[in-house]
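Reproduced below: input20.txt, with compact mmCIF, C-alpha atoms and all ligand atoms.
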```
# COMPACT_ATOMS: atom_id res chain seq x y z
CA MET W 1 132.69 92.96 101.47
CA ILE W 2 131.74 92.11 105.04
CA THR W 3 133.81 93.77 107.78
CA GLY W 4 133.37 93.91 111.53
CA ARG W 5 131.05 96.86 111.02
CA ALA W 6 128.72 95.13 108.58
CA ARG W 7 124.99 95.86 108.79
CA LEU W 8 123.02 92.61 109.07
CA ALA W 9 119.51 91.56 108.13
CA GLY W 10 117.80 88.43 106.87
CA VAL W 11 114.55 86.60 106.28
CA LEU W 12 112.87 84.48 108.94
CA GLY W 13 110.74 81.67 107.55
CA TRP W 14 110.06 77.95 107.90
CA PRO W 15 111.12 76.67 105.49
CA VAL W 16 113.07 79.52 103.96
CA GLY W 17 115.16 77.81 101.27
CA HIS W 18 112.78 78.84 98.48
CA SER W 19 112.96 82.56 99.34
CA ARG W 20 114.35 84.90 96.68
CA SER W 21 114.89 87.66 99.23
CA PRO W 22 118.56 86.80 99.98
CA LEU W 23 119.33 86.93 96.25
CA LEU W 24 117.55 90.26 95.91
CA HIS W 25 119.01 92.05 98.93
CA ASN W 26 122.54 90.76 98.36
CA TYR W 27 122.32 91.90 94.74
CA TRP W 28 121.50 95.42 95.97
CA LEU W 29 124.21 95.28 98.66
CA ALA W 30 126.81 94.44 96.00
CA ARG W 31 125.48 97.02 93.59
CA TYR W 32 125.71 99.84 96.14
CA GLY W 33 128.99 98.60 97.66
CA ILE W 34 127.42 98.38 101.10
CA ASP W 35 129.21 96.66 103.97
CA GLY W 36 126.40 94.30 104.89
CA ALA W 37 124.78 90.91 104.48
CA TYR W 38 121.28 89.47 104.21
CA LEU W 39 120.85 85.87 105.32
CA PRO W 40 118.26 83.10 105.14
CA LEU W 41 117.15 82.49 108.74
CA PRO W 42 115.22 79.22 109.12
CA ALA W 43 113.32 79.32 112.42
CA ALA W 44 110.63 76.83 113.44
CA PRO W 45 107.39 78.35 114.76
CA ALA W 46 108.20 77.34 118.36
CA ASP W 47 111.54 79.18 118.10
CA PHE W 48 110.33 82.28 116.29
CA ALA W 49 110.12 84.70 119.23
CA ALA W 50 113.50 83.60 120.58
CA ALA W 51 115.02 83.95 117.11
CA VAL W 52 113.75 87.53 116.73
CA ARG W 53 114.98 88.57 120.17
CA GLY W 54 118.29 86.82 119.49
CA LEU W 55 118.81 88.64 116.21
CA ARG W 56 118.12 91.97 117.90
CA ALA W 57 120.44 91.08 120.77
CA ALA W 58 123.15 90.13 118.26
CA GLY W 59 123.05 93.51 116.58
CA PHE W 60 120.96 92.81 113.48
CA ALA W 61 119.35 95.90 111.93
CA GLY W 62 116.14 93.97 111.32
CA ALA W 63 114.59 91.18 109.29
CA ASN W 64 111.92 90.19 106.85
CA VAL W 65 109.34 87.71 108.02
CA THR W 66 107.68 85.19 105.75
CA ILE W 67 105.40 82.17 105.99
CA PRO W 68 104.39 81.00 108.58
CA HIS W 69 105.52 83.75 110.96
CA LYS W 70 103.83 86.93 109.75
CA GLU W 71 100.98 86.90 112.29
CA ALA W 72 103.28 85.91 115.15
CA ALA W 73 105.56 88.80 114.21
CA LEU W 74 102.70 91.27 114.61
CA ALA W 75 102.13 90.05 118.17
CA LEU W 76 105.82 90.38 119.00
CA CYS W 77 106.35 94.00 117.97
CA ASP W 78 106.65 96.88 120.42
CA THR W 79 105.32 99.33 117.81
CA VAL W 80 103.63 98.67 114.48
CA GLU W 81 102.62 100.73 111.50
CA GLU W 82 99.01 101.03 110.42
CA SER W 83 99.87 98.94 107.33
CA ALA W 84 100.63 95.98 109.59
CA ARG W 85 97.52 96.41 111.70
CA ARG W 86 95.35 96.53 108.59
CA ALA W 87 97.08 93.50 107.09
CA GLY W 88 96.96 91.62 110.40
CA ALA W 89 100.56 90.65 109.77
CA VAL W 90 104.13 91.96 109.75
CA ASN W 91 106.65 91.24 107.01
CA THR W 92 109.34 93.77 107.94
CA LEU W 93 111.01 94.22 111.32
CA VAL W 94 113.31 97.10 112.20
CA PHE W 95 115.27 96.84 115.44
CA SER W 96 116.37 99.86 117.47
CA GLY W 97 117.20 100.82 121.01
CA ALA W 98 113.51 101.55 121.45
CA GLY W 99 112.47 98.01 120.54
CA ILE W 100 111.03 96.01 117.66
CA HIS W 101 109.12 97.98 115.02
CA GLY W 102 106.90 96.17 112.50
CA SER W 103 105.39 97.11 109.19
CA ASN W 104 103.77 95.31 106.30
CA THR W 105 105.10 96.28 102.88
CA ASP W 106 103.20 93.64 100.86
CA GLY W 107 100.34 95.98 99.99
CA TYR W 108 102.80 98.75 99.15
CA GLY W 109 104.75 96.33 96.95
CA PHE W 110 101.61 95.23 95.16
CA VAL W 111 100.46 98.79 94.42
CA ALA W 112 103.97 99.92 93.42
CA ASN W 113 104.15 96.98 90.99
CA LEU W 114 100.80 97.98 89.49
CA ALA W 115 102.08 101.53 89.07
CA ALA W 116 105.26 100.26 87.40
CA HIS W 117 102.99 98.60 84.82
CA GLY W 118 100.94 101.75 84.32
CA VAL W 119 97.96 100.35 86.22
CA GLY W 120 96.08 102.47 88.78
CA ALA W 121 94.94 101.07 92.12
CA GLY W 122 91.71 103.07 92.47
CA GLY W 123 89.29 101.17 90.19
CA PRO W 124 86.92 98.30 91.01
CA ALA W 125 88.99 95.26 91.89
CA LEU W 126 88.12 91.57 92.14
CA LEU W 127 90.41 89.58 94.43
CA LEU W 128 90.52 85.80 94.35
CA GLY W 129 91.62 84.22 97.62
CA ALA W 130 91.30 85.20 101.27
CA GLY W 131 94.65 84.33 102.86
CA GLY W 132 97.29 86.63 104.30
CA ALA W 133 98.35 88.01 100.93
CA ALA W 134 94.75 88.83 100.05
CA ARG W 135 94.32 90.79 103.27
CA ALA W 136 97.42 92.95 102.73
CA ILE W 137 96.48 93.63 99.10
CA ALA W 138 92.81 94.32 99.89
CA ALA W 139 93.84 96.80 102.59
CA ALA W 140 96.18 98.64 100.23
CA LEU W 141 93.58 98.80 97.45
CA LEU W 142 90.87 100.03 99.86
CA ASP W 143 93.31 102.66 101.12
CA ALA W 144 93.85 103.73 97.49
CA GLY W 145 90.10 104.31 97.19
CA ALA W 146 89.22 101.16 95.25
CA GLU W 147 85.97 99.24 95.49
CA VAL W 148 87.27 95.81 96.43
CA THR W 149 85.40 92.52 96.13
CA VAL W 150 86.83 89.26 97.40
CA ALA W 151 85.82 85.78 96.23
CA ASN W 152 87.18 82.71 97.96
CA ARG W 153 86.55 78.98 97.64
CA THR W 154 85.75 78.92 101.37
CA LEU W 155 83.17 81.67 101.85
CA GLU W 156 83.72 81.95 105.61
CA ARG W 157 87.31 83.05 105.11
CA ALA W 158 86.20 85.83 102.76
CA ALA W 159 83.58 86.90 105.31
CA ALA W 160 86.23 86.97 108.04
CA LEU W 161 88.38 89.18 105.83
CA ALA W 162 85.48 91.58 105.31
CA GLU W 163 85.01 91.77 109.06
CA ALA W 164 88.64 92.79 109.48
CA LEU W 165 88.49 95.27 106.61
CA PRO W 166 85.30 97.35 106.60
CA GLY W 167 84.19 98.26 103.09
CA LEU W 168 85.36 95.00 101.56
CA ARG W 169 82.64 93.19 99.59
CA VAL W 170 82.26 89.43 99.52
CA LEU W 171 81.22 87.44 96.47
CA ASP W 172 80.37 83.76 96.12
CA TRP W 173 83.24 81.86 94.47
CA GLU W 174 80.92 80.56 91.74
CA TYR W 175 80.17 84.11 90.50
CA ARG W 176 83.80 85.06 90.04
CA GLU W 177 83.84 84.82 86.25
CA ARG W 178 80.69 86.93 85.91
CA ALA W 179 82.05 89.64 88.21
CA ILE W 180 85.01 90.27 85.89
CA ALA W 181 82.71 92.26 83.61
CA ASP W 182 82.48 95.03 86.23
CA SER W 183 86.16 95.03 87.24
CA ALA W 184 89.14 97.14 86.25
CA LEU W 185 91.54 94.81 88.04
CA LEU W 186 91.56 91.06 88.69
CA VAL W 187 94.04 89.73 91.25
CA ASN W 188 94.93 86.12 91.94
CA THR W 189 96.12 85.86 95.54
CA THR W 190 95.50 82.10 95.77
CA SER W 191 98.29 79.57 95.52
CA LEU W 192 96.79 78.22 92.30
CA GLY W 193 99.12 78.48 89.32
CA MET W 194 102.25 78.08 91.42
CA ALA W 195 104.71 75.47 90.13
CA GLY W 196 103.48 72.11 91.41
CA GLN W 197 99.93 73.38 92.07
CA PRO W 198 96.85 73.13 89.82
CA VAL W 199 96.29 76.15 87.57
CA LEU W 200 93.60 78.68 88.37
CA GLY W 201 90.81 77.83 85.94
CA MET W 202 89.42 81.25 85.12
CA ASP W 203 87.62 82.13 81.89
CA LEU W 204 88.39 85.75 81.03
CA GLY W 205 85.78 85.85 78.25
CA ARG W 206 83.72 88.55 79.99
CA ALA W 207 86.68 90.83 80.66
CA PRO W 208 86.43 94.47 79.61
CA ALA W 209 89.20 95.39 77.13
CA SER W 210 90.93 97.55 79.75
CA LEU W 211 91.12 94.83 82.44
CA ALA W 212 94.46 94.47 84.22
CA VAL W 213 95.21 90.97 85.51
CA ALA W 214 97.68 90.68 88.38
CA ASP W 215 99.01 87.43 89.78
CA ILE W 216 100.99 87.26 93.01
CA VAL W 217 102.41 83.88 91.94
CA TYR W 218 105.90 84.51 90.52
CA ALA W 219 107.16 80.98 89.85
CA PRO W 220 106.48 80.40 86.99
CA ALA W 221 107.07 83.99 85.87
CA GLU W 222 104.10 83.74 83.51
CA THR W 223 101.21 81.78 85.00
CA ALA W 224 98.41 80.34 82.85
CA LEU W 225 96.24 83.23 84.07
CA LEU W 226 98.74 85.85 82.89
CA ALA W 227 99.24 84.02 79.59
CA GLU W 228 95.51 84.06 78.97
CA ALA W 229 95.33 87.75 79.82
CA ARG W 230 98.14 88.47 77.38
CA ALA W 231 96.55 86.34 74.64
CA ARG W 232 93.32 88.31 75.00
CA GLY W 233 95.09 91.66 74.77
CA LEU W 234 94.49 92.46 78.44
CA LYS W 235 97.17 93.93 80.73
CA PRO W 236 99.14 91.24 82.60
CA VAL W 237 100.94 92.26 85.82
CA PRO W 238 103.43 89.54 86.86
CA GLY W 239 104.04 88.75 90.51
CA LEU W 240 107.81 89.07 90.72
CA GLY W 241 107.50 92.86 90.77
CA MET W 242 105.52 92.73 94.02
CA LEU W 243 108.34 90.75 95.63
CA VAL W 244 110.94 93.26 94.46
CA HIS W 245 108.97 96.38 95.40
CA GLN W 246 107.96 95.09 98.86
CA ALA W 247 111.65 94.72 99.66
CA VAL W 248 112.50 98.38 99.05
CA PRO W 249 111.38 99.92 102.39
CA GLY W 250 113.15 97.25 104.46
CA PHE W 251 116.41 97.60 102.54
CA ALA W 252 116.25 101.38 102.94
CA ALA W 253 115.64 101.10 106.70
CA TRP W 254 118.42 98.56 107.36
CA PHE W 255 121.10 99.65 104.92
CA GLY W 256 120.42 103.38 104.44
CA VAL W 257 119.96 103.43 100.67
CA ARG W 258 116.64 103.39 98.82
CA PRO W 259 117.43 100.80 96.14
CA ALA W 260 116.46 101.09 92.47
CA VAL W 261 113.94 98.73 90.90
CA ASP W 262 115.02 98.22 87.30
CA ASP W 263 115.65 95.53 84.67
CA GLU W 264 118.98 94.55 86.23
CA VAL W 265 117.31 93.71 89.54
CA PHE W 266 114.76 91.53 87.79
CA ALA W 267 117.50 89.78 85.83
CA ALA W 268 119.41 89.08 89.05
CA VAL W 269 116.36 87.70 90.86
CA ALA W 270 115.05 85.75 87.88
CA ALA W 271 118.48 84.15 87.45
CA GLY W 272 117.97 82.47 90.80
CA ALA W 273 114.87 80.67 89.60
P1 LIG R 1 98.55 83.12 102.00
O1 LIG R 1 98.42 83.46 103.44
O2 LIG R 1 99.93 83.01 101.49
O3 LIG R 1 97.72 84.02 101.11
P2 LIG R 1 96.80 80.80 102.41
O4 LIG R 1 96.26 81.36 103.66
O5 LIG R 1 97.23 79.39 102.42
O6 LIG R 1 98.02 81.62 101.83
O7 LIG R 1 95.71 81.02 101.28
C1 LIG R 1 95.71 80.34 100.09
C2 LIG R 1 94.50 80.78 99.27
O8 LIG R 1 94.43 79.95 98.10
C3 LIG R 1 93.18 80.62 100.00
O9 LIG R 1 92.33 81.67 99.63
C4 LIG R 1 92.69 79.27 99.47
O10 LIG R 1 91.29 79.11 99.52
P3 LIG R 1 90.58 78.45 100.83
O11 LIG R 1 90.48 79.57 101.83
O12 LIG R 1 89.27 78.00 100.33
O13 LIG R 1 91.47 77.33 101.28
C5 LIG R 1 93.14 79.36 98.04
N1 LIG R 1 93.19 78.04 97.40
C6 LIG R 1 94.12 77.08 97.59
N2 LIG R 1 93.83 76.00 96.83
C7 LIG R 1 92.69 76.28 96.13
C8 LIG R 1 91.88 75.59 95.17
N3 LIG R 1 92.20 74.36 94.75
N4 LIG R 1 90.78 76.22 94.68
C9 LIG R 1 90.44 77.46 95.09
N5 LIG R 1 91.18 78.19 95.99
C10 LIG R 1 92.27 77.61 96.51
```
Mind turning this structure into structure tokens?
Ligand code: ATR
Amino acid sequence: MITGRARLAGVLGWPVGHSRSPLLHNYWLARYGIDGAYLPLPAAPADFAAAVRGLRAAGFAGANVTIPHKEAALALCDTVEESARRAGAVNTLVFSGAGIHGSNTDGYGFVANLAAHGVGAGGPALLLGAGGAARAIAAALLDAGAEVTVANRTLERAAALAEALPGLRVLDWEYRERAIADSALLVNTTSLGMAGQPVLGMDLGRAPASLAVADIVYAPAETALLAEARARGLKPVPGLGMLVHQAVPGFAAWFGVRPAVDDEVFAAVAAGA
């Protein structure tokens, strides 16, 4: 139910129609009987700052920020958490009388999803890709004490990431299959494997038996990479869990309830596929 006292939040993106966040947050709102709503908020890059200020002026509790606005959101905040500074991006805004507060819950969501699959974050990790998602995940894994190596098709982008995150190691893209032998965790943060994109061609033949393989791609639910991991008896960690877990802190801040992550949530979000 939405009354005159409803708490409001949403997701700012461009485009935003593909986002599963409205489905997820509105599922939780219904489940907890909260007087509130979570809306898709399409805002073009040129309008982003005005949109954020307008939402705050109109009484919104806050918003999620997705592609392509995450870096612009960082610049717009009055205060930011260390997670956002490390990630170089903000995905969660909380509005208050004091101003606009930003955090980045992507790394938290990734690590929480690993934990939900019984996978630790502290072992040697090989990350494929050097975009925004890679930076948030690398920061979270480094903070958890992991040795993190990043391999990216474009070496310069991996080097730039290592400059932003001291301690991060860079590996030539062509050595990625060899490096699996020394890894406890392999993470695909590239867009490869997404519906409509080429698959990530990655031979897991050198994988140690205990390797966990995480993919941040969640559509399809099981990418070719995860299917290969499963077929080899390795531990697959699907990407939808990261999306669900990263949403928890924002929901708690805006709506006052820390929401459960369980099978029913996944069923609700998967149903929107
Ligand atoms: P995001 O910020 O969401 O992580 P992004 O910045 O567009 O997205 O990054 C996409 C990642 O997928 C990059 O690491 C990109 O590699 P490049 O830096 O070389 O562009 C990677 N990627 C996309 N298509 C690829 C392909 N065909 N082969 C290898 N990597 C690819």
For ligand LIG 1 (chain R), return the neighbouring residues as a PDB file with C-alpha atoms, in the frame of the given file (distance at most 12 Å; all atoms listed in the file).
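Generated file (selection_9.pdb):
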```pdb
ATOM      1  CA  THR W  66     107.680  85.190 105.750  1.00  0.00           C
ATOM      2  CA  ILE W  67     105.400  82.170 105.990  1.00  0.00           C
ATOM      3  CA  PRO W  68     104.390  81.000 108.580  1.00  0.00           C
ATOM      4  CA  HIS W  69     105.520  83.750 110.960  1.00  0.00           C
ATOM      5  CA  LYS W  70     103.830  86.930 109.750  1.00  0.00           C
ATOM      6  CA  GLU W  71     100.980  86.900 112.290  1.00  0.00           C
ATOM      7  CA  ALA W  87      97.080  93.500 107.090  1.00  0.00           C
ATOM      8  CA  GLY W  88      96.960  91.620 110.400  1.00  0.00           C
ATOM      9  CA  ALA W  89     100.560  90.650 109.770  1.00  0.00           C
ATOM     10  CA  ASN W  91     106.650  91.240 107.010  1.00  0.00           C
ATOM     11  CA  ASP W 106     103.200  93.640 100.860  1.00  0.00           C
ATOM     12  CA  LEU W 127      90.410  89.580  94.430  1.00  0.00           C
ATOM     13  CA  LEU W 128      90.520  85.800  94.350  1.00  0.00           C
ATOM     14  CA  GLY W 129      91.620  84.220  97.620  1.00  0.00           C
ATOM     15  CA  ALA W 130      91.300  85.200 101.270  1.00  0.00           C
ATOM     16  CA  GLY W 131      94.650  84.330 102.860  1.00  0.00           C
ATOM     17  CA  GLY W 132      97.290  86.630 104.300  1.00  0.00           C
ATOM     18  CA  ALA W 133      98.350  88.010 100.930  1.00  0.00           C
ATOM     19  CA  ALA W 134      94.750  88.830 100.050  1.00  0.00           C
ATOM     20  CA  ARG W 135      94.320  90.790 103.270  1.00  0.00           C
ATOM     21  CA  ALA W 136      97.420  92.950 102.730  1.00  0.00           C
ATOM     22  CA  ILE W 137      96.480  93.630  99.100  1.00  0.00           C
ATOM     23  CA  ALA W 138      92.810  94.320  99.890  1.00  0.00           C
ATOM     24  CA  VAL W 150      86.830  89.260  97.400  1.00  0.00           C
ATOM     25  CA  ALA W 151      85.820  85.780  96.230  1.00  0.00           C
ATOM     26  CA  ASN W 152      87.180  82.710  97.960  1.00  0.00           C
ATOM     27  CA  ARG W 153      86.550  78.980  97.640  1.00  0.00           C
ATOM     28  CA  THR W 154      85.750  78.920 101.370  1.00  0.00           C
ATOM     29  CA  LEU W 155      83.170  81.670 101.850  1.00  0.00           C
ATOM     30  CA  GLU W 156      83.720  81.950 105.610  1.00  0.00           C
ATOM     31  CA  ARG W 157      87.310  83.050 105.110  1.00  0.00           C
ATOM     32  CA  ALA W 158      86.200  85.830 102.760  1.00  0.00           C
ATOM     33  CA  ALA W 159      83.580  86.900 105.310  1.00  0.00           C
ATOM     34  CA  ALA W 160      86.230  86.970 108.040  1.00  0.00           C
ATOM     35  CA  LEU W 161      88.380  89.180 105.830  1.00  0.00           C
ATOM     36  CA  ASP W 172      80.370  83.760  96.120  1.00  0.00           C
ATOM     37  CA  TRP W 173      83.240  81.860  94.470  1.00  0.00           C
ATOM     38  CA  GLU W 174      80.920  80.560  91.740  1.00  0.00           C
ATOM     39  CA  ARG W 176      83.800  85.060  90.040  1.00  0.00           C
ATOM     40  CA  VAL W 187      94.040  89.730  91.250  1.00  0.00           C
ATOM     41  CA  ASN W 188      94.930  86.120  91.940  1.00  0.00           C
ATOM     42  CA  THR W 189      96.120  85.860  95.540  1.00  0.00           C
ATOM     43  CA  THR W 190      95.500  82.100  95.770  1.00  0.00           C
ATOM     44  CA  SER W 191      98.290  79.570  95.520  1.00  0.00           C
ATOM     45  CA  LEU W 192      96.790  78.220  92.300  1.00  0.00           C
ATOM     46  CA  GLY W 193      99.120  78.480  89.320  1.00  0.00           C
ATOM     47  CA  MET W 194     102.250  78.080  91.420  1.00  0.00           C
ATOM     48  CA  GLY W 196     103.480  72.110  91.410  1.00  0.00           C
ATOM     49  CA  GLN W 197      99.930  73.380  92.070  1.00  0.00           C
ATOM     50  CA  PRO W 198      96.850  73.130  89.820  1.00  0.00           C
ATOM     51  CA  VAL W 199      96.290  76.150  87.570  1.00  0.00           C
ATOM     52  CA  LEU W 200      93.600  78.680  88.370  1.00  0.00           C
ATOM     53  CA  GLY W 201      90.810  77.830  85.940  1.00  0.00           C
ATOM     54  CA  MET W 202      89.420  81.250  85.120  1.00  0.00           C
ATOM     55  CA  ASP W 215      99.010  87.430  89.780  1.00  0.00           C
ATOM     56  CA  ILE W 216     100.990  87.260  93.010  1.00  0.00           C
ATOM     57  CA  VAL W 217     102.410  83.880  91.940  1.00  0.00           C
TER      58      VAL W 217
END
```
Spatial sel., origin (84.1, 93.0, 103.1), limit 8 Å, all atoms listed in the file, listed as a PyMOL selection string:
chain W and resi 148-150+158-159+161-170
Just write the chosen residues, C-alpha atoms, as a short mmCIF file (atom, residue, chain, number, x, y, z; two decimals), in the frame of the given file.
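Output file part-v4.cif follows:
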```cif
data_model
loop_
_atom_site.label_atom_id
_atom_site.label_comp_id
_atom_site.auth_asym_id
_atom_site.auth_seq_id
_atom_site.Cartn_x
_atom_site.Cartn_y
_atom_site.Cartn_z
CA VAL W 148 87.27 95.81 96.43
CA THR W 149 85.40 92.52 96.13
CA VAL W 150 86.83 89.26 97.40
CA ALA W 158 86.20 85.83 102.76
CA ALA W 159 83.58 86.90 105.31
CA LEU W 161 88.38 89.18 105.83
CA ALA W 162 85.48 91.58 105.31
CA GLU W 163 85.01 91.77 109.06
CA ALA W 164 88.64 92.79 109.48
CA LEU W 165 88.49 95.27 106.61
CA PRO W 166 85.30 97.35 106.60
CA GLY W 167 84.19 98.26 103.09
CA LEU W 168 85.36 95.00 101.56
CA ARG W 169 82.64 93.19 99.59
CA VAL W 170 82.26 89.43 99.52
#
```
Within 12 Å of (129.3, 98.9, 98.9) in the file's own coordinates, which protein, DNA or RNA residues have an atom, counting only C-alpha atoms? List them as a VMD selection string.
chain W and resid 1 to 3 6 to 7 26 to 37 255 to 257
Any idea what's packed within 10 Å of W:Gly59, counting only C-alpha atoms, ignoring anything in its chain fewer than 4 positions away? Could you give it as a ChimeraX atom specification?
/W:6-9,54-55,95-96
So the first atom is atom CA of W:Phe48 and the second is atom CA of W:Val269; what is the distance between them in Å, to one decimal place?
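According to the coordinates, atom CA of W:Phe48 and atom CA of W:Val269 are separated by 26.7 Å.
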I'd like the neighbourhood of W:Val248 as a VMD selection string, where a residue qualifies if any of its atoms comes within 9 Å (using all atoms listed in the file), though same-chain residues fewer than 4 positions away should be ignored.
chain W and resid 105 109 244 252 to 253 258 to 261
Within 8 Å of W:Phe110, counting all atoms listed in the file, which residues qualify if same-chain residues fewer than 5 places away don't, as a PyMOL selection string?
chain W and resi 137+241-242+245-246
Quick one: distance from atom CA of W:Pro45 to atom CA of W:Ala63 in Å, one decimal?
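Computed distance, atom CA of W:Pro45 to atom CA of W:Ala63, equals 15.7 Å.
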So how far away is atom CA of W:Ala195 from atom CA of W:Tyr175, in Å?
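These atoms are spaced 26.0 Å apart.
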From W:Pro40, W:Trp254, W:Arg178, W:Ala224, residue lying nearest W:Phe60 [all atoms listed in the file]
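Checking each of W:Pro40, W:Trp254, W:Arg178, W:Ala224 against W:Phe60, counting all atoms listed in the file, the winner is W:Trp254.
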Rank W:Ala214, W:Ala268, W:Ala207, W:Ala72 by their smallest atom-to-atom distance to W:Val111, using only C-alpha atoms, and report the top residue only.
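Among the listed residues, W:Ala214 lies closest to W:Val111.
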Closest to W:Val11 among W:Tyr108, W:Phe266, W:Tyr218, W:Phe251, using all atoms listed in the file?
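Among the listed residues, the smallest separation from W:Val11 belongs to W:Phe251.
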Test item: residues at most 9 Å from W:Pro236, all atoms listed in the file, excluding those fewer than 6 positions along its chain, as a list in words:
His117, Leu211, Ala212, Val213, Ala214, Asp215, Leu225, Leu226, Ala227, Glu228, Ala229 and Arg230 of chain W
Need to verify the contact set: W:Gly118, 12 Å, all atoms listed in the file, exclusion of same-chain residues closer than 2 positions in sequence. Can you return it as a list in words?
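Non-adjacent residues within range: Val111, Ala112, Asn113, Leu114, Ala115, Ala116, Gly120, Ala121, Ser210, Ala212, Lys235, Pro236 and Val237 of chain W.
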